[in-house]
Structure formats: C-alpha cells, structure tokens
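Peer 1: Sending over start.cif (mmCIF, C-alpha atoms (C1' of nucleotides)).
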```cif
data_model
loop_
_atom_site.label_atom_id
_atom_site.label_comp_id
_atom_site.auth_asym_id
_atom_site.auth_seq_id
_atom_site.Cartn_x
_atom_site.Cartn_y
_atom_site.Cartn_z
CA MET A 1 8.94 22.68 -5.41
CA LYS A 2 7.73 19.13 -6.04
CA ARG A 3 8.36 18.38 -2.40
CA ASP A 4 5.53 20.59 -1.24
CA LEU A 5 3.26 19.28 -3.95
CA LEU A 6 3.85 15.79 -2.64
CA LEU A 7 3.06 16.87 0.91
CA ASP A 8 -0.10 18.57 -0.32
CA ALA A 9 -1.19 15.44 -2.12
CA ALA A 10 -0.56 13.35 0.97
CA GLU A 11 -2.61 15.71 3.12
CA GLN A 12 -5.51 15.66 0.72
CA LEU A 13 -5.59 11.89 0.65
CA LEU A 14 -5.48 11.73 4.42
CA ALA A 15 -8.21 14.31 4.90
CA GLU A 16 -10.50 12.73 2.34
CA GLN A 17 -10.05 9.04 2.88
CA GLY A 18 -8.13 8.37 6.08
CA THR A 19 -4.74 6.89 6.80
CA THR A 20 -5.19 3.64 4.89
CA ALA A 21 -5.44 5.69 1.71
CA LEU A 22 -1.96 7.06 2.31
CA THR A 23 0.06 4.74 0.10
CA LEU A 24 3.16 5.67 -1.78
CA ALA A 25 1.51 4.91 -5.09
CA ALA A 26 -1.56 7.02 -4.31
CA VAL A 27 0.47 10.00 -3.15
CA ALA A 28 2.68 9.83 -6.23
CA THR A 29 -0.26 9.60 -8.61
CA ARG A 30 -2.14 12.45 -6.95
CA ALA A 31 0.94 14.65 -7.14
CA GLY A 32 1.52 13.72 -10.78
CA VAL A 33 4.80 12.04 -9.98
CA SER A 34 6.00 8.47 -10.27
CA LYS A 35 6.58 6.30 -7.27
CA GLY A 36 10.28 6.50 -7.87
CA GLY A 37 10.09 10.27 -7.93
CA LEU A 38 8.29 10.31 -4.62
CA LEU A 39 10.91 8.06 -3.07
CA TYR A 40 13.60 10.37 -4.33
CA HIS A 41 12.28 13.15 -2.08
CA PHE A 42 11.18 10.97 0.82
CA PRO A 43 13.27 7.82 1.08
CA THR A 44 10.68 6.07 3.24
CA LYS A 45 7.03 6.47 4.06
CA ASP A 46 7.96 7.42 7.60
CA ALA A 47 10.05 10.29 6.24
CA LEU A 48 7.00 11.52 4.37
CA VAL A 49 4.79 11.47 7.45
CA LYS A 50 7.53 13.07 9.51
CA ALA A 51 7.75 15.91 7.01
CA LEU A 52 3.97 16.27 7.15
CA VAL A 53 4.08 16.63 10.92
CA GLN A 54 6.98 19.06 10.82
CA ARG A 55 5.30 21.26 8.27
CA LEU A 56 2.14 21.40 10.36
CA ILE A 57 4.11 22.47 13.43
CA ASP A 58 6.22 25.01 11.56
CA GLU A 59 3.20 26.57 9.91
CA PHE A 60 1.36 26.99 13.17
CA ASP A 61 4.43 28.45 14.86
CA ALA A 62 4.84 30.89 12.00
CA ALA A 63 1.17 31.87 12.15
CA VAL A 64 1.44 32.61 15.86
CA ASP A 65 4.74 34.46 15.52
CA GLU A 66 3.43 36.73 12.82
CA ARG A 67 0.46 37.71 15.00
CA ALA A 68 2.32 38.12 18.28
CA ASP A 69 3.33 41.63 19.27
CA GLY A 70 5.57 40.77 22.19
CA SER A 71 3.32 42.36 24.76
CA PRO A 72 2.38 40.43 27.89
CA GLY A 73 -0.42 38.07 26.98
CA GLY A 74 0.36 38.68 23.33
CA TYR A 75 1.37 35.09 22.75
CA THR A 76 -1.94 33.63 23.87
CA ARG A 77 -3.90 36.24 21.94
CA ALA A 78 -1.90 35.37 18.83
CA TYR A 79 -2.52 31.68 19.55
CA VAL A 80 -6.26 32.33 19.64
CA ASP A 81 -6.24 34.41 16.46
CA ALA A 82 -4.15 31.91 14.54
CA THR A 83 -6.40 29.01 15.50
CA PHE A 84 -9.64 30.84 14.73
CA ASP A 85 -8.30 31.82 11.34
CA ILE A 86 -7.80 28.16 10.56
CA VAL A 87 -11.03 26.88 12.09
CA THR A 88 -13.25 29.49 10.46
CA ASP A 89 -11.57 29.28 7.07
CA ARG A 90 -13.91 28.99 4.09
CA ASP A 91 -12.02 25.87 3.06
CA PRO A 92 -13.00 23.11 5.51
CA HIS A 93 -9.98 21.16 4.32
CA ARG A 94 -7.78 23.62 6.15
CA ALA A 95 -9.14 22.64 9.55
CA ARG A 96 -9.11 18.93 8.80
CA ARG A 97 -5.44 18.99 7.93
CA ARG A 98 -4.38 18.77 11.52
CA TRP A 99 -6.65 15.88 12.32
CA ALA A 100 -5.43 14.07 9.23
CA VAL A 101 -1.75 14.62 9.89
CA VAL A 102 -2.05 13.79 13.55
CA ALA A 103 -3.81 10.57 12.69
CA ALA A 104 -1.05 9.70 10.26
CA ALA A 105 1.52 10.34 12.98
CA ALA A 106 -0.29 7.83 15.14
CA THR A 107 0.58 4.97 12.82
CA ALA A 108 3.83 4.55 14.70
CA SER A 109 4.46 5.92 18.14
CA ALA A 110 7.76 7.65 17.37
CA LEU A 111 6.30 9.70 14.54
CA ALA A 112 4.28 11.70 17.05
CA ASP A 113 7.32 12.74 19.06
CA PRO A 114 7.77 16.14 17.41
CA LEU A 115 4.08 16.69 18.03
CA ARG A 116 4.50 15.91 21.71
CA GLU A 117 7.38 18.32 21.94
CA ALA A 118 5.42 21.06 20.18
CA THR A 119 2.37 20.52 22.38
CA ARG A 120 4.55 20.97 25.44
CA ARG A 121 6.04 24.13 24.03
CA TRP A 122 2.66 25.58 23.11
CA HIS A 123 0.99 24.90 26.42
CA ARG A 124 3.76 25.52 28.88
CA ARG A 125 4.62 28.97 27.64
CA ASP A 126 3.91 31.28 30.58
CA ASP A 127 4.45 34.86 29.46
CA ASP A 128 0.98 35.94 30.38
CA THR A 129 -0.51 38.08 33.04
CA ASP A 130 -2.54 35.24 34.49
CA VAL A 131 -1.07 31.82 33.78
CA VAL A 132 -4.10 29.70 34.58
CA THR A 133 -6.47 31.76 32.46
CA ALA A 134 -4.03 31.74 29.56
CA ARG A 135 -3.77 27.96 29.78
CA ILE A 136 -7.52 27.55 29.79
CA VAL A 137 -7.88 29.82 26.78
CA ARG A 138 -5.24 27.94 24.81
CA LEU A 139 -6.78 24.61 25.76
CA ALA A 140 -10.20 25.87 24.69
CA VAL A 141 -9.06 26.87 21.21
CA ASP A 142 -7.24 23.56 20.91
CA GLY A 143 -10.47 21.85 21.84
CA LEU A 144 -12.32 23.89 19.26
CA TRP A 145 -9.84 22.96 16.60
CA GLU A 146 -10.08 19.29 17.42
CA ALA A 147 -13.86 19.28 17.69
CA THR A 148 -14.13 21.06 14.35
CA ASP A 149 -11.86 18.47 12.80
CA TYR A 150 -14.28 15.68 13.64
CA ALA A 151 -17.46 17.62 13.27
CA PRO A 152 -17.17 20.22 10.52
CA LEU A 153 -19.38 23.24 11.05
CA LEU A 154 -19.94 22.29 14.67
CA PHE A 155 -20.41 26.00 15.30
CA ASP A 156 -21.45 28.53 12.69
CA ALA A 157 -19.54 31.74 11.97
CA GLU A 158 -21.62 33.74 14.43
CA GLU A 159 -21.07 31.25 17.25
CA CYS A 160 -17.35 31.10 16.52
CA GLU A 161 -17.13 34.87 16.72
CA GLN A 162 -18.99 34.75 20.04
CA LEU A 163 -16.52 32.20 21.38
CA ARG A 164 -13.57 34.22 20.18
CA ARG A 165 -14.80 37.45 21.76
CA ARG A 166 -15.46 35.77 25.07
CA LEU A 167 -12.01 34.16 25.08
CA VAL A 168 -10.28 37.44 24.36
CA ARG A 169 -12.27 39.16 27.06
CA LEU A 170 -11.35 36.40 29.48
CA LEU A 171 -7.70 37.06 28.73
CA GLU A 172 -8.04 40.78 29.28
CA ASP A 173 -10.13 40.47 32.41
CA PRO A 174 -9.65 37.07 34.05
CA GLY A 175 -12.04 37.94 36.87
CA ASP A 176 -11.34 36.51 40.30
CA THR A 177 -7.97 34.76 40.02
CA SER A 178 -7.43 34.15 43.72
CA GLU A 179 -6.46 30.63 44.55
CA VAL A 180 -8.35 28.78 47.26
CA ALA A 181 -5.30 27.92 49.37
CA GLY A 182 -3.71 25.65 46.77
CA THR A 183 -3.30 22.02 47.86
CA ALA A 184 -4.75 22.64 51.28
CA ALA A 185 -8.19 22.83 49.71
CA THR A 186 -8.20 19.03 49.35
CA MET B 1 -16.66 -11.62 28.43
CA LYS B 2 -13.92 -12.40 25.94
CA ARG B 3 -15.27 -9.59 23.79
CA ASP B 4 -14.13 -6.93 26.23
CA LEU B 5 -10.79 -8.64 26.68
CA LEU B 6 -10.26 -8.40 22.95
CA LEU B 7 -11.14 -4.72 22.93
CA ASP B 8 -8.76 -4.15 25.84
CA ALA B 9 -5.97 -5.90 23.99
CA ALA B 10 -6.61 -3.82 20.90
CA GLU B 11 -6.53 -0.62 22.90
CA GLN B 12 -3.26 -1.55 24.55
CA LEU B 13 -1.61 -2.28 21.25
CA LEU B 14 -2.83 0.98 19.81
CA ALA B 15 -1.73 3.04 22.80
CA GLU B 16 1.70 1.43 22.94
CA GLN B 17 2.68 1.05 19.33
CA GLY B 18 0.29 2.95 17.11
CA THR B 19 -2.22 1.90 14.51
CA THR B 20 0.11 -0.21 12.37
CA ALA B 21 0.48 -2.56 15.33
CA LEU B 22 -3.24 -3.25 15.29
CA THR B 23 -3.28 -6.51 13.34
CA LEU B 24 -5.73 -9.31 13.85
CA ALA B 25 -2.97 -11.71 14.80
CA ALA B 26 -1.46 -9.32 17.35
CA VAL B 27 -4.79 -8.57 18.99
CA ALA B 28 -5.66 -12.23 19.26
CA THR B 29 -2.28 -13.14 20.75
CA ARG B 30 -2.36 -10.30 23.26
CA ALA B 31 -5.84 -11.31 24.39
CA GLY B 32 -4.81 -14.94 24.70
CA VAL B 33 -7.26 -15.95 22.01
CA SER B 34 -6.78 -17.59 18.65
CA LYS B 35 -7.27 -15.65 15.46
CA GLY B 36 -10.35 -17.73 14.76
CA GLY B 37 -11.71 -16.77 18.16
CA LEU B 38 -11.19 -13.10 17.46
CA LEU B 39 -12.97 -13.36 14.14
CA TYR B 40 -15.81 -15.16 15.87
CA HIS B 41 -16.56 -11.98 17.83
CA PHE B 42 -15.59 -9.41 15.22
CA PRO B 43 -16.08 -10.69 11.70
CA THR B 44 -13.89 -7.95 10.22
CA LYS B 45 -11.22 -5.60 11.42
CA ASP B 46 -13.53 -2.67 10.78
CA ALA B 47 -16.06 -4.21 13.14
CA LEU B 48 -13.38 -4.35 15.81
CA VAL B 49 -12.45 -0.69 15.40
CA LYS B 50 -16.11 0.29 15.28
CA ALA B 51 -16.69 -1.48 18.59
CA LEU B 52 -13.64 0.29 20.03
CA VAL B 53 -15.08 3.66 19.07
CA GLN B 54 -18.53 2.80 20.36
CA ARG B 55 -17.20 1.63 23.70
CA LEU B 56 -15.24 4.85 24.12
CA ILE B 57 -18.32 6.95 23.46
CA ASP B 58 -20.58 4.84 25.66
CA GLU B 59 -18.14 4.91 28.55
CA PHE B 60 -17.78 8.66 28.43
CA ASP B 61 -21.53 9.15 28.20
CA ALA B 62 -21.99 6.86 31.19
CA ALA B 63 -19.30 8.70 33.17
CA VAL B 64 -21.01 12.01 32.53
CA ASP B 65 -24.50 10.66 33.26
CA GLU B 66 -23.48 9.21 36.57
CA ARG B 67 -22.04 12.55 37.69
CA ALA B 68 -24.82 14.77 36.40
CA ASP B 69 -27.47 15.83 38.88
CA GLY B 70 -29.93 17.34 36.47
CA SER B 71 -29.51 20.86 37.77
CA PRO B 72 -28.88 23.72 35.34
CA GLY B 73 -25.21 23.64 34.39
CA GLY B 74 -24.99 20.15 35.86
CA TYR B 75 -24.16 18.61 32.52
CA THR B 76 -21.09 20.71 31.91
CA ARG B 77 -19.91 20.28 35.48
CA ALA B 78 -20.25 16.51 35.08
CA TYR B 79 -18.41 16.76 31.75
CA VAL B 80 -15.53 18.51 33.49
CA ASP B 81 -15.39 16.05 36.37
CA ALA B 82 -15.53 13.02 34.10
CA THR B 83 -12.71 14.29 31.92
CA PHE B 84 -10.48 15.28 34.82
CA ASP B 85 -10.96 11.88 36.38
CA ILE B 86 -9.61 10.34 33.21
CA VAL B 87 -6.80 12.81 32.59
CA THR B 88 -5.48 12.75 36.15
CA ASP B 89 -5.76 8.99 36.55
CA ARG B 90 -2.72 7.23 37.99
CA ASP B 91 -2.69 5.02 34.93
CA PRO B 92 -1.47 7.12 31.98
CA HIS B 93 -2.87 4.47 29.67
CA ARG B 94 -6.35 5.61 30.59
CA ALA B 95 -5.86 9.04 29.04
CA ARG B 96 -4.10 7.70 25.96
CA ARG B 97 -6.98 5.39 25.15
CA ARG B 98 -8.95 8.10 23.46
CA TRP B 99 -6.07 9.25 21.31
CA ALA B 100 -5.38 5.66 20.33
CA VAL B 101 -8.96 4.81 19.44
CA VAL B 102 -9.51 8.06 17.60
CA ALA B 103 -6.39 7.41 15.56
CA ALA B 104 -7.63 3.94 14.72
CA ALA B 105 -10.94 5.42 13.62
CA ALA B 106 -9.03 7.68 11.26
CA THR B 107 -7.85 4.74 9.18
CA ALA B 108 -11.05 4.99 7.18
CA SER B 109 -13.25 8.02 7.11
CA ALA B 110 -16.53 6.24 7.83
CA LEU B 111 -15.23 4.69 11.03
CA ALA B 112 -15.11 8.12 12.62
CA ASP B 113 -18.78 8.85 11.92
CA PRO B 114 -20.06 7.81 15.35
CA LEU B 115 -17.35 10.00 16.81
CA ARG B 116 -18.53 12.96 14.78
CA GLU B 117 -22.06 12.40 15.93
CA ALA B 118 -20.97 12.15 19.57
CA THR B 119 -18.83 15.28 19.33
CA ARG B 120 -21.85 17.20 18.06
CA ARG B 121 -23.98 15.86 20.86
CA TRP B 122 -21.41 16.72 23.51
CA HIS B 123 -20.76 20.24 22.36
CA ARG B 124 -24.17 21.38 21.26
CA ARG B 125 -25.93 20.53 24.48
CA ASP B 126 -27.19 23.85 25.79
CA ASP B 127 -28.83 23.25 29.15
CA ASP B 128 -26.60 25.69 30.94
CA THR B 129 -27.11 29.09 32.47
CA ASP B 130 -24.63 30.71 30.11
CA VAL B 131 -24.22 28.88 26.83
CA VAL B 132 -21.00 30.48 25.63
CA THR B 133 -19.18 29.92 28.92
CA ALA B 134 -20.35 26.33 29.06
CA ARG B 135 -19.06 25.76 25.55
CA ILE B 136 -15.70 27.25 26.36
CA VAL B 137 -15.38 25.12 29.47
CA ARG B 138 -16.22 21.93 27.60
CA LEU B 139 -13.82 22.84 24.80
CA ALA B 140 -11.09 23.52 27.35
CA VAL B 141 -11.38 20.12 29.00
CA ASP B 142 -11.45 18.53 25.57
CA GLY B 143 -8.28 20.39 24.78
CA LEU B 144 -6.73 19.23 28.01
CA TRP B 145 -7.63 15.64 27.25
CA GLU B 146 -6.16 15.85 23.78
CA ALA B 147 -3.01 17.65 24.89
CA THR B 148 -2.46 15.10 27.63
CA ASP B 149 -2.83 12.33 25.10
CA TYR B 150 0.13 13.60 23.10
CA ALA B 151 2.16 14.94 25.96
CA PRO B 152 1.70 12.83 29.08
CA LEU B 153 2.17 14.75 32.31
CA LEU B 154 1.88 18.04 30.46
CA PHE B 155 0.52 19.44 33.72
CA ASP B 156 1.17 17.97 37.13
CA ALA B 157 -1.55 17.09 39.62
CA GLU B 158 -1.38 20.50 41.28
CA GLU B 159 -1.71 22.35 37.99
CA CYS B 160 -4.58 20.13 36.91
CA GLU B 161 -6.40 20.86 40.13
CA GLN B 162 -5.83 24.58 39.56
CA LEU B 163 -7.31 24.31 36.08
CA ARG B 164 -10.27 22.35 37.32
CA ARG B 165 -11.06 24.83 40.07
CA ARG B 166 -10.86 27.77 37.73
CA LEU B 167 -13.12 26.07 35.19
CA VAL B 168 -15.73 25.27 37.81
CA ARG B 169 -15.60 28.83 39.11
CA LEU B 170 -16.02 30.11 35.58
CA LEU B 171 -19.18 28.04 35.24
CA GLU B 172 -20.59 29.32 38.49
CA ASP B 173 -19.66 32.93 37.87
CA PRO B 174 -19.17 33.62 34.15
CA GLY B 175 -18.36 37.28 34.80
CA ASP B 176 -19.48 39.81 32.22
CA THR B 177 -21.54 37.84 29.69
CA SER B 178 -22.93 40.80 27.80
CA GLU B 179 -22.55 40.55 24.07
CA VAL B 180 -21.06 43.47 22.20
CA ALA B 181 -23.97 43.94 19.82
CA GLY B 182 -23.44 40.59 18.06
CA THR B 183 -22.21 40.83 14.47
CA ALA B 184 -22.26 44.61 14.45
CA ALA B 185 -19.08 44.65 16.53
CA THR B 186 -16.94 43.88 13.47
"C1'" DC C 1 34.11 24.38 -29.28
"C1'" DC C 2 32.85 20.22 -27.83
"C1'" DA C 3 33.69 15.34 -26.01
"C1'" DG C 4 33.36 13.56 -21.76
"C1'" DG C 5 31.99 13.66 -17.18
"C1'" DT C 6 28.91 14.66 -13.04
"C1'" DG C 7 25.02 15.50 -10.13
"C1'" DT C 8 20.03 16.09 -9.77
"C1'" DA C 9 15.55 14.89 -10.54
"C1'" DC C 10 12.67 11.55 -11.77
"C1'" DC C 11 10.66 7.00 -14.13
"C1'" DG C 12 8.74 2.24 -14.05
"C1'" DT C 13 9.06 -2.36 -12.84
"C1'" DC C 14 9.67 -6.01 -9.78
"C1'" DC C 15 9.74 -8.66 -5.46
"C1'" DG C 16 9.20 -10.29 -0.85
"C1'" DG C 17 6.50 -10.15 2.92
"C1'" DA C 18 2.72 -8.95 5.70
"C1'" DC C 19 -1.93 -8.88 6.45
"C1'" DG C 20 -7.02 -9.54 6.14
"C1'" DG C 21 -9.93 -12.98 5.58
"C1'" DT C 22 -11.61 -18.06 4.59
"C1'" DA C 23 -12.34 -22.78 5.64
"C1'" DC C 24 -12.88 -26.37 8.42
"C1'" DA C 25 -12.12 -30.12 11.46
"C1'" DG C 26 -11.68 -30.68 16.17
"C1'" DT C 27 -12.49 -29.54 21.42
"C1'" DT C 28 -14.40 -27.82 25.70
"C1'" DC C 29 -17.88 -26.46 28.73
"C1'" DC C 30 -22.44 -25.19 30.10
"C1'" DG D 1 -26.32 -30.52 21.92
"C1'" DG D 2 -24.84 -26.34 20.66
"C1'" DA D 3 -22.40 -22.04 21.60
"C1'" DA D 4 -17.93 -20.65 22.13
"C1'" DC D 5 -14.02 -21.31 20.98
"C1'" DT D 6 -8.94 -23.61 19.17
"C1'" DG D 7 -5.50 -24.55 15.58
"C1'" DT D 8 -3.85 -24.86 11.25
"C1'" DA D 9 -3.49 -24.34 6.63
"C1'" DC D 10 -4.17 -21.53 3.01
"C1'" DC D 11 -5.28 -17.68 -0.48
"C1'" DG D 12 -5.12 -13.22 -2.84
"C1'" DT D 13 -4.01 -8.71 -2.52
"C1'" DC D 14 -1.70 -4.86 -1.44
"C1'" DC D 15 2.13 -2.21 -0.26
"C1'" DG D 16 6.81 -0.58 0.94
"C1'" DG D 17 10.95 -0.40 -0.81
"C1'" DA D 18 14.90 -1.66 -3.97
"C1'" DC D 19 16.90 -0.94 -8.20
"C1'" DG D 20 18.32 -0.07 -12.74
"C1'" DG D 21 17.43 2.98 -15.92
"C1'" DT D 22 16.61 8.03 -18.30
"C1'" DA D 23 16.68 12.94 -19.30
"C1'" DC D 24 19.04 16.93 -18.88
"C1'" DA D 25 21.36 20.90 -17.17
"C1'" DC D 26 25.79 22.28 -15.99
"C1'" DC D 27 30.67 22.08 -15.68
"C1'" DT D 28 35.54 21.22 -17.39
"C1'" DG D 29 39.62 20.38 -19.67
"C1'" DG D 30 41.99 19.83 -23.97
#
```
Taking this structure as input, can you express it in the form of structure tokens?

Peer 2:
Amino acid sequence: MKRDLLLDAAEQLLAEQGTTALTLAAVATRAGVSKGGLLYHFPTKDALVKALVQRLIDEFDAAVDERADGSPGGYTRAYVDATFDIVTDRDPHRARRRWAVVAAAATASALADPLREATRRWHRRDDDTDVVTARIVRLAVDGLWEATDYAPLLFDAEECEQLRRRLVRLLEDPGDTSEVAGTAAT
Amino acid sequence: MKRDLLLDAAEQLLAEQGTTALTLAAVATRAGVSKGGLLYHFPTKDALVKALVQRLIDEFDAAVDERADGSPGGYTRAYVDATFDIVTDRDPHRARRRWAVVAAAATASALADPLREATRRWHRRDDDTDVVTARIVRLAVDGLWEATDYAPLLFDAEECEQLRRRLVRLLEDPGDTSEVAGTAAT
DNA sequence: CCAGGTGTACCGTCCGGACGGTACAGTTCC
DNA sequence: GGAACTGTACCGTCCGGACGGTACACCTGG
C-alpha cells in the first residue's frame, strides 16, 4: 500500500531532520510519489500527522497484546518486553520513531489528543498484583524509551538487559508494599 | 530582564498552541515587545529555541543541585524530589514546559543536541549505592514527567505521593540486587 | 464485442499567504 | 552618549493546498 510507504517516508524525514523537514513535497519525493498523489491519500498535512500518531499507538498496542498472556501482572510484563524490544533494536531508527512522531504531534495541540488518551490508557491499567509497583515499572520503561530517543545508545545491551531483569524481578517480588498511613503521613 | 520575559512568552505559546504558534511576531506581541526588540536579544529564531532549551536544562540542574546533600544516593533522591516538585505543581503549565520546549527543539535536529548531552549526564551519573536501582528510579520519574506532559492529571496528588514514597523506599532498600550471572542468564 | 461510462489512483503546476529576517530612522532612559 | 529598545516598511522564500488533468482497470448495456 502506498499509504504506508508515505507514512514511512514521513517518519524517516522526521527522525533524520526534525519537524521542519516534514513538508508535503519532501514526503512525496521520498516516497516516490507526486505531491498530488500524497494529497490523494492524506487530504491535509494534519491528516498525515494524525495517521502517523495513530499508527504508532496501534503498533504499540498490538505489540503489547501479542505478548500478554492474560495472567495477573501479564500486561505490565508485556509492556516491558514490548518496549525493550523497540529500545534495544539493532536499528536505532526504530526507537527514534516515537520521539519523531510525538514531536510532529506537538506542532498543533489537538494532534496530540490521541496520544494523551493512549497514555492514560497505558498508565491507568490496574490489572496487576501491586498497582504502585506496576506503575513505577511502566513509567521506568517509558523513561527509558524517551531517554534513548534523545540519547541513542545511552545504555549498552548489557546494561539494558540488567535494567530489564531488575524490572521484571521488581514486578514478581515488589518487596515491602505497605503504605505508611496514606495521607496522614504528611 | 526582557530576555527572560521573551523566553516566558515563547514557552507559553508553545505549551498552549504547539510549535507552529511559535512565530517571531507572536512571541514579541505576547511579551509586549516589538519584533525588532525580540531580534535584538535573539538574532534568529534558532537562537531563541536554543536559549529555551538551555534554560530548561540549567533550571533542572539547579533544582537538583539545591536539593542534593552530597551523600551517597543523594543525587538520585534530589532528582526525584526536583521532578515531583515540578510534576505536582499547582500550575499545570510548569509540567508542560518541558514537553513544549523539547518539541520546539525537535524542529531541527541540531537544536536538541544540548538536550542529548544533558540526558546522558543525568542518567549516567553513578554515585549511588546501587547503580541499577538508581537508574530505574531516575527513569521512572522521567517517565512520570513525560506522561504528565501529555496527560495532565494522569495521577492525582495522592497517587503521586504514593509513587514518590515507593521510589524513595526503593532507593533506600533496593531489595535483592544480586545479578543472575550477567550475560550467561540468557 | 465493444462503445461509452465510472471510480480510483495519481500527476504537476500554480497561487496566496505566512513567516523569517533586514534595514533603518527615531525614542527613551540610565 | 550609548545601550536598549520601538515602529514600520519591506523582501524573498517556502509551503500548504487547490485544481485540472491523466492513466487505467473494471463494469455495463446494446
């Protein structure tokens, strides 16, 4: 499908040169399509960016779904595995995709709405044995993803594996989860 | 200083309307300054964005420094406190600033370079008792910051406090930190 | 069988407007 | 007296989007 080729081209441009490089002409050329052809599939530039954002969300959801086994805590474990697969991919472009697409969505506030909704969904899912630990683990892999976007090879393969093991262990054995009297702790 | 007023205006525009709203004319108007006045302080738009990025980095560094006490693990604890202060601020604009500035830096690849350097510095600092735990904790608060940028009020004050307490406890008592024979674990 | 029609996918050019940046002659305030 | 502006007028470029074609596969009715 030409549609996906166009989205690929757009992502590459974003990852390599930043959001200013995302022009209709550049995307069309990179995809080997004319400007008119691009506009046939995406009537406006906003529609293109919106599709970029949606594809990113759908792909991540699919990656998590395919790894989840339905067991308690399975969602967060799948979340961790899916993210590490992306972050430790041989192709550094794979990790930078998110950063690029997210930045493109920031060109206009409304474009990031689906992203906001997805973020809520990802982080407020509470099917785990210990909710707070699960949240921390998901936030940590999100942080890793983001940090790796800016700073490629921030951690080497060995260090990533260390992080992953510790996160999984944290999920399995959260340690002392007692709360210190909630709000009363001041 | 008018310079800081201009940076404030730029940040507000970015946070409210996205990067396309960041035009020289709009920034000048919002700051109550003429376009000529703006260009007096920042000769190009890139210089403006660069200053935005630098201020963000400097402010975070200062916030961490002022909370750090030099003790082992003090850096990461200060990192956590500084981030939570920002994320749980009454003013939601405060948390969105980073997201906004980072997005602006993504307009051209080179603008994000100082950010890459800072990210490396923040995450590769290893003055803690347990390196892996410290990394996870810093990544988690980064994740929280980022997630809160997209999805304001993702967690309420109570939940944030819960997260913070658990992260601090994790730093103080990392639990079982034994490594499962490094790479050999497969 | 085939003229005529229809929808899909795509091409290539053109235009209006916005935006970054320049230039420069004043003005205000320390 | 000069640094820190104001205000206006202007330029060149770039970019999003509109639009009028084109190629072609696939029907459809006489």

Peer 1: Dump as a ChimeraX atom specification the residues of chain C that approach chain B to within 8 Å, counting all atoms listed in the file.

Peer 2: /C:19-21

Peer 1: What does the PyMOL selection byres ((chain D) within 9 of (chain B)) select in this file, as a PyMOL selection string?

Peer 2: chain D and resi 4-7

Peer 1: Counting all atoms listed in the file, which residues of chain A come no farther than 6 Å from chain B, as a CSV table (one decimal) with C-alpha atoms, in the coordinates of the input?

Peer 2:
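What follows is the written file iface-v7.csv:
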```
chain,number,residue,atom,x,y,z
A,17,GLN,CA,-10.0,9.0,2.9
A,18,GLY,CA,-8.1,8.4,6.1
A,19,THR,CA,-4.7,6.9,6.8
A,20,THR,CA,-5.2,3.6,4.9
A,103,ALA,CA,-3.8,10.6,12.7
A,106,ALA,CA,-0.3,7.8,15.1
A,107,THR,CA,0.6,5.0,12.8
A,108,ALA,CA,3.8,4.6,14.7
A,109,SER,CA,4.5,5.9,18.1
A,116,ARG,CA,4.5,15.9,21.7
A,136,ILE,CA,-7.5,27.6,29.8
A,139,LEU,CA,-6.8,24.6,25.8
A,140,ALA,CA,-10.2,25.9,24.7
A,142,ASP,CA,-7.2,23.6,20.9
A,143,GLY,CA,-10.5,21.8,21.8
A,144,LEU,CA,-12.3,23.9,19.3
A,150,TYR,CA,-14.3,15.7,13.6
A,151,ALA,CA,-17.5,17.6,13.3
```

Peer 1: Which distance in Å separates C1' of DC19 in chain D and C1' of DT13 in chain C, to one decimal?

Peer 2: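 Between C1' of DC19 in chain D and C1' of DT13 in chain C the gap works out to 9.2 Å.
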
Peer 1: Using the chain letters and numbers from the file, give me the residues hit by the PyMOL selection byres ((chain A and resi 56-67) around 6), as number ranges by chain.

Peer 2: A: 53-55, 68, 78-79, 82

Peer 1: Next, dump the selected residues to file, keeping only C-alpha atoms, as a compact mmCIF listing (two decimals), in the frame of the given file.

Peer 2:
```
# COMPACT_ATOMS: atom_id res chain seq x y z
CA VAL A 53 4.08 16.63 10.92
CA GLN A 54 6.98 19.06 10.82
CA ARG A 55 5.30 21.26 8.27
CA ALA A 68 2.32 38.12 18.28
CA ALA A 78 -1.90 35.37 18.83
CA TYR A 79 -2.52 31.68 19.55
CA ALA A 82 -4.15 31.91 14.54
```

Peer 1: Any idea what the distance is between CA of Thr83 in chain A and CA of Ala134 in chain A?

Peer 2: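 Between CA of Thr83 in chain A and CA of Ala134 in chain A the gap works out to 14.5 Å.
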
Peer 1: To one decimal place in Å, what is the distance between CA of Ala9 in chain A and CA of Arg30 in chain A?

Peer 2: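 Value for the CA of Ala9 in chain A-CA of Arg30 in chain A distance: 5.8 Å.
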
Peer 1: Tell me which of B:Arg96, B:Arg90, B:Arg125, B:Arg77 sits closest to Val168 in chain B, counting only C-alpha atoms.

Peer 2: B:Arg77

Peer 1: For the PyMOL selection byres ((chain D and resi 26) around 10), applied here, can you spell out every residue it catches as an MDAnalysis selection string?

Peer 2: (chainID C and resid 6:7) or (chainID D and resid 24:25 27:28)

Peer 1: Please identify all polymer residues within 12 Å of DA9 in chain D, counting all atoms listed in the file, omitting same-chain residues fewer than 6 positions from it, and present them as a PyMOL selection string.

Peer 2: chain C and resi 22-25

Peer 1: Put the listed atoms of range 13-26 of chain C in a box along x, y and z with 8 Å added on every side and give me the centre and edge lengths in Å to one decimal, as lines of an AutoDock Vina configuration file.

Peer 2:
```
center_x = -1.6
center_y = -16.5
center_z = 1.7
size_x = 38.6
size_y = 44.3
size_z = 45.0
```

Peer 1: Find the residues near DC15 in chain C: any atom within 12 Å, counting all atoms listed in the file, skip ones fewer than 6 places away on the same chain, and give them as a compact mmCIF listing (two decimals) with C-alpha atoms (C1' of nucleotides), in the coordinates of the input.

Peer 2:
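New file result25.txt:
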```
# COMPACT_ATOMS: atom_id res chain seq x y z
C1' DC D 15 2.13 -2.21 -0.26
C1' DG D 16 6.81 -0.58 0.94
C1' DG D 17 10.95 -0.40 -0.81
C1' DA D 18 14.90 -1.66 -3.97
C1' DC D 19 16.90 -0.94 -8.20
```
